[in-house]
$ cat upload27.txt   # compact mmCIF, C-alpha atoms and all ligand atoms
# COMPACT_ATOMS: atom_id res chain seq x y z
CA MET A 1 134.19 146.37 142.25
CA LYS A 2 133.50 149.39 140.06
CA GLU A 3 130.05 150.28 138.93
CA TRP A 4 129.21 149.34 135.39
CA GLY A 5 126.22 148.97 133.16
CA ILE A 6 124.55 147.12 130.32
CA SER A 7 122.50 148.83 127.63
CA GLY A 8 120.63 147.86 124.52
CA ALA A 9 119.35 144.39 125.53
CA THR A 10 115.69 143.46 125.91
CA ILE A 11 115.35 142.61 129.60
CA LEU A 12 113.20 139.60 130.60
CA THR A 13 112.52 139.89 134.29
CA PRO A 14 111.33 136.96 133.48
CA ASP A 15 107.66 137.89 133.95
CA GLU A 16 107.80 140.96 131.74
CA GLN A 17 109.74 142.26 128.73
CA LEU A 18 111.48 145.60 129.11
CA LYS A 19 112.64 147.20 125.88
CA GLY A 20 114.92 150.21 125.65
CA MET A 21 115.95 150.02 129.31
CA ASN A 22 119.47 150.06 130.73
CA LEU A 23 120.77 148.22 133.74
CA GLU A 24 123.28 149.48 136.30
CA ILE A 25 125.33 147.18 138.50
CA LYS A 26 126.88 148.25 141.78
CA ASP A 27 128.40 146.25 144.66
CA GLY A 28 127.32 142.96 143.13
CA LYS A 29 123.69 144.03 142.90
CA ILE A 30 121.33 145.31 140.25
CA ASP A 31 121.31 148.97 141.25
CA ARG A 32 118.88 150.44 138.75
CA ILE A 33 116.88 149.58 135.68
CA THR A 34 116.40 152.84 133.90
CA LYS A 35 115.50 154.54 130.66
CA GLU A 36 118.31 157.00 131.29
CA LYS A 37 121.80 156.56 129.94
CA VAL A 38 124.04 154.40 132.17
CA LYS A 39 125.84 156.70 134.63
CA SER A 40 129.12 154.79 134.74
CA PRO A 41 131.52 155.33 131.83
CA LEU A 42 132.00 151.58 132.02
CA ALA A 43 129.08 150.27 130.00
CA ILE A 44 128.70 147.69 127.30
CA SER A 45 125.98 147.91 124.78
CA PHE A 46 124.26 145.16 122.85
CA ASP A 47 122.33 145.06 119.60
CA ASN A 48 119.76 142.32 119.28
CA ALA A 49 120.28 140.70 122.65
CA VAL A 50 118.13 139.42 125.48
CA LEU A 51 119.08 139.78 129.15
CA THR A 52 117.67 137.35 131.70
CA PRO A 53 118.40 136.37 135.29
CA GLY A 54 121.35 133.98 135.38
CA LEU A 55 119.95 130.49 134.84
CA ILE A 56 119.63 128.13 137.79
CA ASN A 57 120.21 124.42 137.16
CA ALA A 58 117.89 122.84 139.72
CA HIS A 59 119.56 119.43 139.80
CA ASP A 60 123.07 118.22 139.09
CA HIS A 61 125.82 116.14 140.66
CA LEU A 62 129.02 118.01 139.85
CA LEU A 63 131.23 115.12 140.93
CA GLY A 64 129.48 113.01 138.27
CA THR A 65 130.42 115.34 135.40
CA TYR A 66 131.73 113.05 132.67
CA TYR A 67 130.72 111.52 129.39
CA PRO A 68 129.20 109.47 127.77
CA LYS A 69 125.99 108.40 129.42
CA VAL A 70 126.03 104.93 130.93
CA GLY A 71 123.04 102.66 131.25
CA ASN A 72 120.79 100.11 129.70
CA GLY A 73 117.29 100.96 130.90
CA PRO A 74 114.48 101.01 131.55
CA TYR A 75 115.29 100.31 135.18
CA PRO A 76 112.87 99.67 138.08
CA ASN A 77 114.63 102.37 140.15
CA TRP A 78 117.96 104.24 140.35
CA LEU A 79 119.91 101.47 142.12
CA PRO A 80 120.60 99.06 139.21
CA TRP A 81 121.55 102.10 137.08
CA ASP A 82 124.06 103.12 139.73
CA ASN A 83 125.48 99.58 139.72
CA ASP A 84 125.81 99.65 135.91
CA LEU A 85 127.50 103.05 136.14
CA LYS A 86 130.03 101.93 138.70
CA SER A 87 130.99 98.80 136.77
CA ALA A 88 131.41 100.65 133.45
CA PRO A 89 134.91 101.20 131.98
CA VAL A 90 134.15 104.92 131.53
CA TYR A 91 133.54 105.17 135.27
CA GLN A 92 137.04 103.77 135.87
CA GLU A 93 138.34 106.36 133.40
CA ARG A 94 136.54 109.12 135.32
CA GLN A 95 137.98 107.89 138.61
CA GLN A 96 141.48 108.80 137.41
CA ILE A 97 140.53 112.47 137.63
CA GLU A 98 140.75 114.30 140.92
CA ASN A 99 137.45 115.25 142.56
CA ARG A 100 138.41 118.91 142.46
CA ASP A 101 138.81 118.72 138.68
CA LEU A 102 135.49 116.90 138.19
CA TYR A 103 133.90 119.68 140.22
CA LEU A 104 135.55 122.33 138.07
CA LEU A 105 134.50 120.49 134.90
CA GLY A 106 130.91 120.53 136.16
CA GLY A 107 131.22 124.21 136.99
CA TYR A 108 132.41 125.09 133.47
CA ARG A 109 129.79 122.85 131.85
CA ASN A 110 127.15 124.92 133.63
CA LEU A 111 128.80 128.32 133.22
CA ILE A 112 129.09 128.23 129.42
CA SER A 113 125.37 127.36 129.26
CA ALA A 114 124.53 130.60 131.14
CA VAL A 115 123.99 128.90 134.51
CA THR A 116 125.01 131.09 137.44
CA THR A 117 123.82 128.76 140.24
CA VAL A 118 123.73 124.97 140.38
CA ALA A 119 121.87 122.84 142.90
CA ASP A 120 124.60 120.23 143.41
CA HIS A 121 122.85 117.43 145.29
CA ILE A 122 125.46 115.72 147.47
CA PRO A 123 126.36 115.49 151.18
CA HIS A 124 127.99 118.71 152.38
CA PHE A 125 131.29 117.10 153.39
CA VAL A 126 131.87 116.05 149.77
CA SER A 127 131.33 119.47 148.20
CA ALA A 128 132.73 121.65 151.01
CA PRO A 129 136.40 121.51 149.87
CA PHE A 130 135.45 122.94 146.45
CA ARG A 131 133.36 125.89 147.56
CA GLY A 132 134.86 129.13 146.45
CA ILE A 133 136.95 127.65 143.62
CA LEU A 134 134.14 126.92 141.17
CA PRO A 135 133.36 129.11 138.15
CA THR A 136 129.63 129.02 138.99
CA GLN A 137 127.87 129.30 142.33
CA THR A 138 126.28 126.34 144.04
CA ILE A 139 123.44 126.32 146.53
CA GLU A 140 125.32 125.98 149.79
CA ASN A 141 122.62 125.98 152.43
CA TYR A 142 120.27 123.07 152.14
CA ALA A 143 119.00 120.12 154.13
CA LEU A 144 118.85 116.80 152.30
CA ALA A 145 118.12 113.15 151.88
CA HIS A 146 119.41 111.00 149.02
CA SER A 147 115.99 109.46 148.44
CA ILE A 148 113.06 108.01 150.34
CA ALA A 149 112.95 104.20 149.93
CA SER A 150 114.72 101.80 152.32
CA PHE A 151 117.65 101.40 149.90
CA ALA A 152 118.46 105.15 149.93
CA LEU A 153 122.07 106.19 150.45
CA ALA A 154 122.75 107.57 153.93
CA TRP A 155 122.94 111.28 153.06
CA GLY A 156 122.18 113.72 155.86
CA ASP A 157 120.36 112.92 159.09
CA SER A 158 116.91 111.36 159.21
CA ILE A 159 114.18 112.95 157.08
CA ASP A 160 112.37 114.59 160.00
CA VAL A 161 115.58 116.05 161.46
CA GLU A 162 116.62 117.41 158.05
CA TYR A 163 113.19 118.85 157.34
CA GLN A 164 113.05 120.56 160.74
CA LYS A 165 116.46 122.05 160.01
CA ALA A 166 115.12 123.34 156.67
CA LEU A 167 112.20 125.02 158.44
CA ARG A 168 114.35 126.49 161.19
CA GLU A 169 116.91 127.96 158.81
CA ASP A 170 114.49 128.69 155.96
CA ILE A 171 116.53 126.61 153.51
CA PRO A 172 115.36 123.94 151.04
CA PHE A 173 115.13 120.25 151.88
CA ILE A 174 116.24 118.45 148.71
CA THR A 175 115.67 114.79 147.92
CA HIS A 176 115.33 112.40 144.98
CA ILE A 177 111.87 110.86 145.08
CA ALA A 178 109.62 108.45 143.16
CA GLU A 179 112.44 107.77 140.70
CA GLY A 180 111.20 104.44 139.42
CA PHE A 181 108.36 101.96 139.62
CA ASP A 182 109.07 99.25 142.18
CA PRO A 183 106.31 98.85 144.83
CA GLU A 184 108.24 100.80 147.46
CA THR A 185 109.29 103.70 145.19
CA VAL A 186 105.74 104.39 143.99
CA GLN A 187 104.80 104.98 147.66
CA ASP A 188 107.64 107.49 148.18
CA LEU A 189 105.49 110.61 148.53
CA LYS A 190 103.24 109.04 151.17
CA THR A 191 106.32 107.78 153.02
CA LEU A 192 107.92 111.23 152.90
CA ASP A 193 104.75 112.82 154.23
CA LYS A 194 104.49 110.26 157.06
CA LYS A 195 108.12 110.91 158.01
CA GLY A 196 107.48 114.65 158.24
CA GLY A 197 109.45 115.69 155.16
CA LEU A 198 106.73 117.16 152.94
CA GLY A 199 106.02 120.88 153.04
CA ASP A 200 106.79 124.19 151.40
CA HIS A 201 110.54 123.69 151.97
CA SER A 202 110.61 120.36 150.10
CA VAL A 203 112.31 120.20 146.71
CA LEU A 204 111.28 116.90 145.13
CA VAL A 205 113.60 115.71 142.38
CA HIS A 206 112.18 113.44 139.61
CA GLY A 207 108.74 112.30 140.86
CA ILE A 208 108.27 110.03 137.84
CA ALA A 209 105.84 107.80 139.74
CA PHE A 210 103.71 110.62 141.19
CA ASN A 211 100.01 110.02 140.50
CA GLU A 212 97.27 112.66 140.49
CA GLU A 213 96.59 112.22 144.19
CA ASP A 214 100.30 112.77 144.92
CA ILE A 215 100.35 115.89 142.75
CA LYS A 216 97.31 117.27 144.61
CA LEU A 217 99.09 116.71 147.93
CA ILE A 218 102.26 118.40 146.61
CA LYS A 219 100.23 121.44 145.57
CA GLN A 220 98.41 121.51 148.89
CA LYS A 221 101.68 121.36 150.84
CA GLY A 222 103.41 123.94 148.63
CA ALA A 223 106.39 121.75 147.72
CA SER A 224 108.45 122.24 144.54
CA VAL A 225 109.32 119.62 141.92
CA VAL A 226 112.46 119.36 139.78
CA TRP A 227 111.92 117.92 136.32
CA CYS A 228 114.95 116.11 134.83
CA ALA A 229 113.30 114.87 131.65
CA ASP A 230 116.32 113.72 129.66
CA SER A 231 117.71 111.73 132.59
CA ASN A 232 114.28 110.19 133.27
CA MET A 233 113.76 109.17 129.64
CA PHE A 234 117.25 107.68 129.45
CA MET A 235 116.95 105.63 132.65
CA PHE A 236 113.22 104.87 132.73
CA ASN A 237 111.75 105.75 129.32
CA ARG A 238 109.17 107.80 131.23
CA THR A 239 109.07 111.11 133.03
CA ALA A 240 106.96 112.96 135.59
CA ASN A 241 103.43 114.11 134.81
CA VAL A 242 104.54 117.71 134.44
CA GLY A 243 101.42 118.60 132.44
CA LYS A 244 99.23 117.83 135.45
CA MET A 245 101.63 119.63 137.81
CA LEU A 246 101.56 122.81 135.72
CA GLU A 247 97.79 122.59 135.34
CA MET A 248 97.48 122.40 139.14
CA GLY A 249 99.94 125.23 139.73
CA VAL A 250 102.79 123.24 141.28
CA ASN A 251 106.12 125.11 141.31
CA VAL A 252 108.19 123.17 138.73
CA CYS A 253 111.91 123.71 138.06
CA ILE A 254 114.18 122.17 135.43
CA GLY A 255 117.43 120.34 136.20
CA THR A 256 119.88 118.48 134.00
CA ASP A 257 121.08 115.79 136.41
CA SER A 258 124.63 114.66 135.69
CA PRO A 259 125.65 114.20 132.04
CA MET A 260 126.21 110.48 132.68
CA SER A 261 122.42 110.08 132.73
CA GLY A 262 120.93 113.44 131.76
CA GLY A 263 121.01 116.34 129.31
CA ILE A 264 124.21 117.80 127.87
CA ASN A 265 123.53 121.12 129.58
CA LEU A 266 120.62 123.31 130.67
CA LEU A 267 120.23 124.92 127.20
CA TYR A 268 119.79 121.48 125.68
CA GLU A 269 117.47 120.43 128.52
CA MET A 270 115.09 123.37 127.92
CA LYS A 271 114.71 122.38 124.26
CA PHE A 272 114.40 118.68 125.07
CA ASP A 273 111.72 119.39 127.68
CA LYS A 274 109.73 121.53 125.26
CA MET A 275 109.87 118.82 122.61
CA LEU A 276 108.95 116.06 125.07
CA PHE A 277 106.06 118.07 126.54
CA LYS A 278 104.62 118.51 123.06
CA LYS A 279 104.93 114.79 122.40
CA MET A 280 103.31 113.87 125.74
CA TYR A 281 100.46 116.39 125.81
CA ARG A 282 100.11 117.48 122.16
CA LYS A 283 100.41 121.11 123.12
CA ASP A 284 103.21 123.61 123.56
CA ILE A 285 104.65 124.62 126.86
CA PRO A 286 105.11 128.40 126.50
CA ASN A 287 108.70 129.67 126.31
CA GLU A 288 107.87 132.14 129.09
CA MET A 289 107.06 129.21 131.36
CA ILE A 290 110.27 127.36 130.46
CA LEU A 291 112.29 130.47 131.34
CA SER A 292 110.53 130.72 134.73
CA MET A 293 111.37 127.05 135.33
CA VAL A 294 115.10 127.85 135.12
CA THR A 295 114.96 131.19 136.96
CA SER A 296 112.18 132.46 139.27
CA ASN A 297 110.66 129.05 140.06
CA CYS A 298 114.09 127.78 141.13
CA ALA A 299 114.73 130.86 143.28
CA LYS A 300 111.40 130.19 144.99
CA ALA A 301 112.15 126.48 145.52
CA PHE A 302 115.66 127.05 146.85
CA LYS A 303 114.69 130.06 149.02
CA MET A 304 117.01 132.40 147.11
CA LYS A 305 115.17 135.60 147.90
CA LYS A 306 117.43 137.93 145.92
CA ASN A 307 117.77 135.78 142.78
CA GLY A 308 115.78 134.59 139.82
CA GLN A 309 114.41 137.98 138.80
CA VAL A 310 115.89 141.06 137.22
CA LYS A 311 114.95 143.87 139.58
CA SER A 312 116.79 146.53 141.50
CA GLY A 313 118.23 145.28 144.78
CA ASN A 314 118.58 141.70 143.55
CA VAL A 315 121.93 139.96 143.14
CA ALA A 316 123.44 140.78 139.73
CA ASP A 317 123.45 137.19 138.46
CA LEU A 318 122.67 137.74 134.80
CA ALA A 319 122.86 136.16 131.36
CA VAL A 320 122.75 137.80 127.94
CA PHE A 321 121.75 135.83 124.83
CA ALA A 322 121.80 136.66 121.14
CA ASP A 323 118.28 137.58 120.00
CA ARG A 324 117.70 135.14 117.16
CA GLY A 325 114.15 134.03 117.84
CA ARG A 326 110.70 135.25 116.83
CA THR A 327 110.32 136.47 120.42
CA PRO A 328 112.95 137.24 123.08
CA TYR A 329 111.71 134.24 125.11
CA GLU A 330 112.16 131.95 122.14
CA SER A 331 115.72 133.27 121.74
CA VAL A 332 116.55 132.07 125.24
CA VAL A 333 114.87 128.68 125.02
CA ASN A 334 116.38 127.99 121.58
CA ALA A 335 119.83 129.37 122.46
CA GLU A 336 122.92 127.37 121.54
CA LEU A 337 126.23 127.68 123.36
CA LYS A 338 127.51 130.21 120.83
CA ASP A 339 124.50 132.46 121.59
CA VAL A 340 125.54 133.03 125.22
CA LEU A 341 126.99 136.54 124.96
CA LEU A 342 127.67 137.34 128.61
CA VAL A 343 127.37 135.72 132.04
CA VAL A 344 127.58 137.84 135.19
CA ILE A 345 127.85 136.36 138.69
CA ASP A 346 127.55 138.60 141.73
CA GLY A 347 128.04 141.65 139.53
CA ARG A 348 131.22 140.24 138.02
CA PRO A 349 131.40 139.27 134.34
CA VAL A 350 132.89 135.77 134.16
CA TYR A 351 132.19 134.58 130.63
CA GLY A 352 131.24 136.18 127.37
CA GLY A 353 131.98 137.10 123.79
CA ALA A 354 135.59 138.10 123.05
CA GLU A 355 134.31 141.52 121.91
CA TYR A 356 133.62 142.42 125.56
CA SER A 357 137.22 141.88 126.71
CA SER A 358 137.66 145.60 127.48
CA LEU A 359 134.99 145.28 130.19
CA PHE A 360 136.91 142.38 131.76
CA ASP A 361 140.14 144.42 131.46
CA SER A 362 138.59 147.50 133.10
CA LEU A 363 137.21 145.41 135.96
CA ARG A 364 140.60 143.65 136.28
CA ILE A 365 139.19 140.18 135.72
CA ASP A 366 141.73 137.64 134.46
CA TYR A 367 140.46 135.60 131.57
CA GLN A 368 141.48 133.16 128.87
CA ARG A 369 140.56 133.38 125.20
CA LEU A 370 138.93 130.34 123.63
CA VAL A 371 136.55 129.24 120.90
CA VAL A 372 133.25 127.76 122.11
CA ASP A 373 130.92 126.13 119.61
CA GLY A 374 132.71 128.09 116.85
CA ALA A 375 132.44 131.51 118.55
CA ASP A 376 135.27 133.58 120.06
CA LYS A 377 134.77 133.84 123.81
CA ILE A 378 136.61 134.79 126.98
CA ILE A 379 136.29 133.01 130.30
CA ALA A 380 137.51 133.78 133.82
CA GLY A 381 139.65 131.25 135.64
CA ASP A 382 141.87 128.52 134.21
CA LEU A 383 139.82 126.22 132.00
CA ARG A 384 142.86 125.57 129.83
CA GLY A 385 144.81 124.26 132.84
CA LEU A 386 141.86 122.10 133.88
CA LEU A 387 141.63 120.43 130.47
CA GLN A 388 145.40 119.85 130.47
CA ARG A 389 145.19 118.14 133.88
CA ILE A 390 142.31 115.95 132.69
CA ARG A 391 144.24 114.99 129.56
CA LYS A 392 147.20 113.99 131.72
CA ALA A 393 145.03 112.04 134.16
CA VAL A 394 143.22 109.93 131.54
CA GLY A 395 146.13 109.76 129.07
CA PHE A 396 144.37 111.20 126.00
CA LYS A 397 142.49 114.30 124.83
CA LYS A 398 139.00 113.59 126.11
CA GLU A 399 136.19 115.28 124.17
CA PHE A 400 133.20 116.55 126.14
CA PRO A 401 130.13 117.54 124.11
CA PHE A 402 129.11 119.83 126.97
CA LEU A 403 132.43 121.66 126.67
CA PRO A 404 133.14 122.05 122.91
CA VAL A 405 136.05 124.41 123.44
CA GLU A 406 139.32 125.04 121.64
CA PHE A 407 142.26 127.09 122.80
CA ASP A 408 144.44 128.49 120.04
CA ASP A 409 147.76 126.95 121.02
ZN ZN B 1 120.20 113.17 140.93
$ encode --input "upload27.txt" --output "structure tokens" --more "lines below"
Ligand SMILES: [Zn+2]
Amino acid sequence: MKEWGISGATILTPDEQLKGMNLEIKDGKIDRITKEKVKSPLAISFDNAVLTPGLINAHDHLLGTYYPKVGNGPYPNWLPWDNDLKSAPVYQERQQIENRDLYLLGGYRNLISAVTTVADHIPHFVSAPFRGILPTQTIENYALAHSIASFALAWGDSIDVEYQKALREDIPFITHIAEGFDPETVQDLKTLDKKGGLGDHSVLVHGIAFNEEDIKLIKQKGASVVWCADSNMFMFNRTANVGKMLEMGVNVCIGTDSPMSGGINLLYEMKFDKMLFKKMYRKDIPNEMILSMVTSNCAKAFKMKKNGQVKSGNVADLAVFADRGRTPYESVVNAELKDVLLVVIDGRPVYGGAEYSSLFDSLRIDYQRLVVDGADKIIAGDLRGLLQRIRKAVGFKKEFPFLPVEFDD
């Protein structure tokens, strides 16, 4: 791919703000961040925009991408929710759609919300057929368990075998944990530790029942936690003690979970989490911290050494947002779908405002024109074809609030 560049945007690395700097992309990587004019004639320039690392959605189940939410909580743990889901008419409706198309739907849901990588938590044999066809990247190398209690689904090998694999290959070990309040689930962290699954490669999703002692142990072991607040509140009317985790310096990431229990998309989730944090702790979680929780903290948790930060040599996974806030950080956390101006994956623009079509043309990237959330956009791939197949499968034009798109035919 040709070299190209971006100028005019305030760059959030995310730890620092760089104003008046330009960014050059070469061979899928961030080549240079410079005050000088972009060398390549192929450059797009922004006024009033904020550039960040591409967002990382730390927890999702792409196969579960559908709408609306199903459930009648609060539940004691995830199992009765799963039973309610699977007996719901909307689940039957979803089942008419091919797995490949549910995967693509999940990919587009994430892409238009500026997500360049999704942690799709599922056994590898389920997701393997769809690698390489999705509009966003997924974390491919990870060890896993479904969850910790005796009623866990049989995902992966035993916890100790999976954790050893994570250590050997320096990949994350991802599991749901402490998602509920029954006597067994509240002991999940201790059980995980006893089984040899707790350490600096552990990515602990939910942790609603973690107490202060658990949080201390997590910090001591260097594990990461994924906060899925909207999903937790919907299913359990409670969420993890993130205030204590942040106070103790635990590495916390934000995930949406699937839209059948969780947030509409990661942009919504950031705002929801900020609002909920204020309600729970009567203080603000800084926007800078929220941005880290969807970028650098995730890269750390998932052992993505060349992601999550805008710096030369890193993978050019990038997002550009309209600068509408009082600060650039606020612009990102408060962004709506229409404010996503450009998404770049591996140095390749894949989604953005229609005004940047000449960049896509010059780089020979095929795209479709569409209106997203009232704004003219272009998107790589065949979203139009996907929505037509879904319409045919379910027999009507299904509306997805996470994909408010219109094509002009
Ligand atoms: Zn989950």
$ atom_distance --input "upload27.txt" --atom1 "atom CA of A:Val344" --atom2 "atom CA of A:Met21"
17.8 Å
$ closest_atom_pairs --input "upload27.txt" --of "chain A" --to "ligand ZN 1 (chain B)" --cutoff "8 Å" --atoms "all atoms listed in the file" --output "Markdown table"
| residue | atom | partner | partner_atom | distance |
| --- | --- | --- | --- | --- |
| A:His59 | CA | B:ZN1 | ZN | 6.4 |
| A:Asp60 | CA | B:ZN1 | ZN | 6.1 |
| A:His61 | CA | B:ZN1 | ZN | 6.4 |
| A:His121 | CA | B:ZN1 | ZN | 6.6 |
| A:His176 | CA | B:ZN1 | ZN | 6.4 |
| A:Val205 | CA | B:ZN1 | ZN | 7.2 |
| A:Asp257 | CA | B:ZN1 | ZN | 5.3 |
| A:Ser258 | CA | B:ZN1 | ZN | 7.0 |
$ closest_atom_pairs --input "upload27.txt" --of "stretch 113-170 of chain A" --to "stretch 290-314 of chain A" --cutoff "10 Å" --atoms "all atoms listed in the file" --output "Markdown table"
| residue | atom | partner | partner_atom | distance |
| --- | --- | --- | --- | --- |
| A:Val115 | CA | A:Val294 | CA | 9.0 |
| A:Thr117 | CA | A:Asn307 | CA | 9.6 |
| A:Ala119 | CA | A:Phe302 | CA | 8.5 |
| A:Ile139 | CA | A:Phe302 | CA | 7.8 |
| A:Asn141 | CA | A:Phe302 | CA | 9.0 |
| A:Tyr142 | CA | A:Phe302 | CA | 8.1 |
| A:Asp170 | CA | A:Lys303 | CA | 7.1 |
$ closest_atom_pairs --input "upload27.txt" --of "stretch 90-174 of chain A" --to "stretch 72-86 of chain A" --cutoff "12 Å" --atoms "all atoms listed in the file" --output "tab-separated table"
residue	atom	partner	partner_atom	distance
A:Val90	CA	A:Leu85	CA	8.3
A:Tyr91	CA	A:Lys86	CA	5.9
A:Gln92	CA	A:Lys86	CA	7.8
A:Glu93	CA	A:Lys86	CA	10.8
A:Arg94	CA	A:Lys86	CA	10.3
A:Gln95	CA	A:Lys86	CA	9.9
A:His146	CA	A:Trp78	CA	11.1
A:Ser147	CA	A:Trp78	CA	9.8
A:Ile148	CA	A:Trp78	CA	11.7
A:Ala149	CA	A:Asn77	CA	10.1
A:Ser150	CA	A:Leu79	CA	11.4
A:Phe151	CA	A:Leu79	CA	8.1
A:Ala152	CA	A:Leu79	CA	8.8
A:Leu153	CA	A:Leu79	CA	9.8
$ atom_distance --input "upload27.txt" --atom1 "atom CA of A:Val340" --atom2 "atom CA of A:Ala114"
6.5 Å
$ residues_around --input "upload27.txt" --residues "A:Gly196" --least-positions-apart "4" --cutoff "9 Å" --atoms "only C-alpha atoms" --output "ChimeraX atom specification"
/A:159-161,163-164,191-192
$ atom_distance --input "upload27.txt" --atom1 "atom CA of A:Asp27" --atom2 "atom CA of A:Asp317"
12.0 Å
$ residues_around --input "upload27.txt" --residues "stretch 280-289 of chain A" --least-positions-apart "3" --cutoff "12 Å" --atoms "only C-alpha atoms" --output "JSON, numbers by chain"
{"A": [12, 13, 14, 15, 16, 17, 52, 229, 238, 239, 240, 241, 242, 243, 244, 246, 247, 249, 251, 252, 253, 254, 270, 271, 272, 273, 274, 275, 276, 277, 292, 293, 294, 295, 296, 297, 325, 326, 327, 328, 329, 330, 331, 332, 333, 334, 335]}
$ residues_around --input "upload27.txt" --residues "A:Ala319" --least-positions-apart "6" --cutoff "6 Å" --atoms "all atoms listed in the file" --output "list in words"
Leu51, Thr52, Pro53, Gly54, Ala114, Leu342 and Val343 of chain A
$ residues_around --input "upload27.txt" --residues "stretch 393-403 of chain A" --least-positions-apart "2" --cutoff "8 Å" --atoms "only C-alpha atoms" --output "ChimeraX atom specification"
/A:66-67,93-94,96-97,108-109,112,264-265,372,389-391,405
$ closest_residue --input "upload27.txt" --among "A:Ile218, A:Ala154, A:Phe236, A:Leu105" --to "A:Gln388" --atoms "only C-alpha atoms"
A:Leu105
$ residues_around --input "upload27.txt" --residues "A:Gly199" --least-positions-apart "6" --cutoff "7 Å" --atoms "all atoms listed in the file" --output "short mmCIF file (atom, residue, chain, number, x, y, z; two decimals) with C-alpha atoms, keeping the file's coordinate frame"
data_model
loop_
_atom_site.label_atom_id
_atom_site.label_comp_id
_atom_site.auth_asym_id
_atom_site.auth_seq_id
_atom_site.Cartn_x
_atom_site.Cartn_y
_atom_site.Cartn_z
CA LYS A 221 101.68 121.36 150.84
CA GLY A 222 103.41 123.94 148.63
CA ALA A 223 106.39 121.75 147.72
#
$ closest_residue --input "upload27.txt" --among "A:Pro68, A:Gly5, A:Pro183, A:Gly132" --to "A:Ser45" --atoms "only C-alpha atoms"
A:Gly5
$ closest_residue --input "upload27.txt" --among "A:Ile208, A:Ile122, A:Met260, A:Ala143" --to "A:Gln187" --atoms "only C-alpha atoms"
A:Ile208
$ closest_residue --input "upload27.txt" --among "A:Ile379, A:Ile11, A:Leu18, A:Val126" --to "A:Leu63" --atoms "all atoms listed in the file"
A:Val126
$ closest_residue --input "upload27.txt" --among "A:Phe46, A:Phe234, A:Trp227, A:Phe173" --to "A:Gly71" --atoms "all atoms listed in the file"
A:Phe234
$ closest_residue --input "upload27.txt" --among "A:Asn48, A:Thr10, A:Asn211, A:Ser113" --to "A:Pro404" --atoms "only C-alpha atoms"
A:Ser113
$ decode --input "upload27.txt" --residues "stretch 121-142 of chain A" --atoms "C-alpha atoms" --output "compact mmCIF listing (two decimals), in the first residue's frame"
# COMPACT_ATOMS: atom_id res chain seq x y z
CA HIS A 121 -14.87 -14.33 23.43
CA ILE A 122 -15.75 -17.71 21.92
CA PRO A 123 -14.05 -21.07 21.29
CA HIS A 124 -11.62 -20.82 18.37
CA PHE A 125 -13.38 -23.40 16.20
CA VAL A 126 -16.49 -21.20 16.12
CA SER A 127 -14.76 -18.00 15.00
CA ALA A 128 -12.03 -19.53 12.79
CA PRO A 129 -14.15 -19.71 9.59
CA PHE A 130 -14.81 -15.95 9.72
CA ARG A 131 -11.27 -14.72 10.24
CA GLY A 132 -10.14 -12.55 7.40
CA ILE A 133 -13.64 -11.64 6.19
CA LEU A 134 -14.60 -9.25 8.98
CA PRO A 135 -14.52 -5.46 8.62
CA THR A 136 -12.73 -5.13 11.99
CA GLN A 137 -9.91 -7.17 13.47
CA THR A 138 -10.46 -9.64 16.27
CA ILE A 139 -7.96 -10.86 18.83
CA GLU A 140 -6.95 -14.19 17.36
CA ASN A 141 -4.41 -15.55 19.79
CA TYR A 142 -5.82 -16.17 23.22
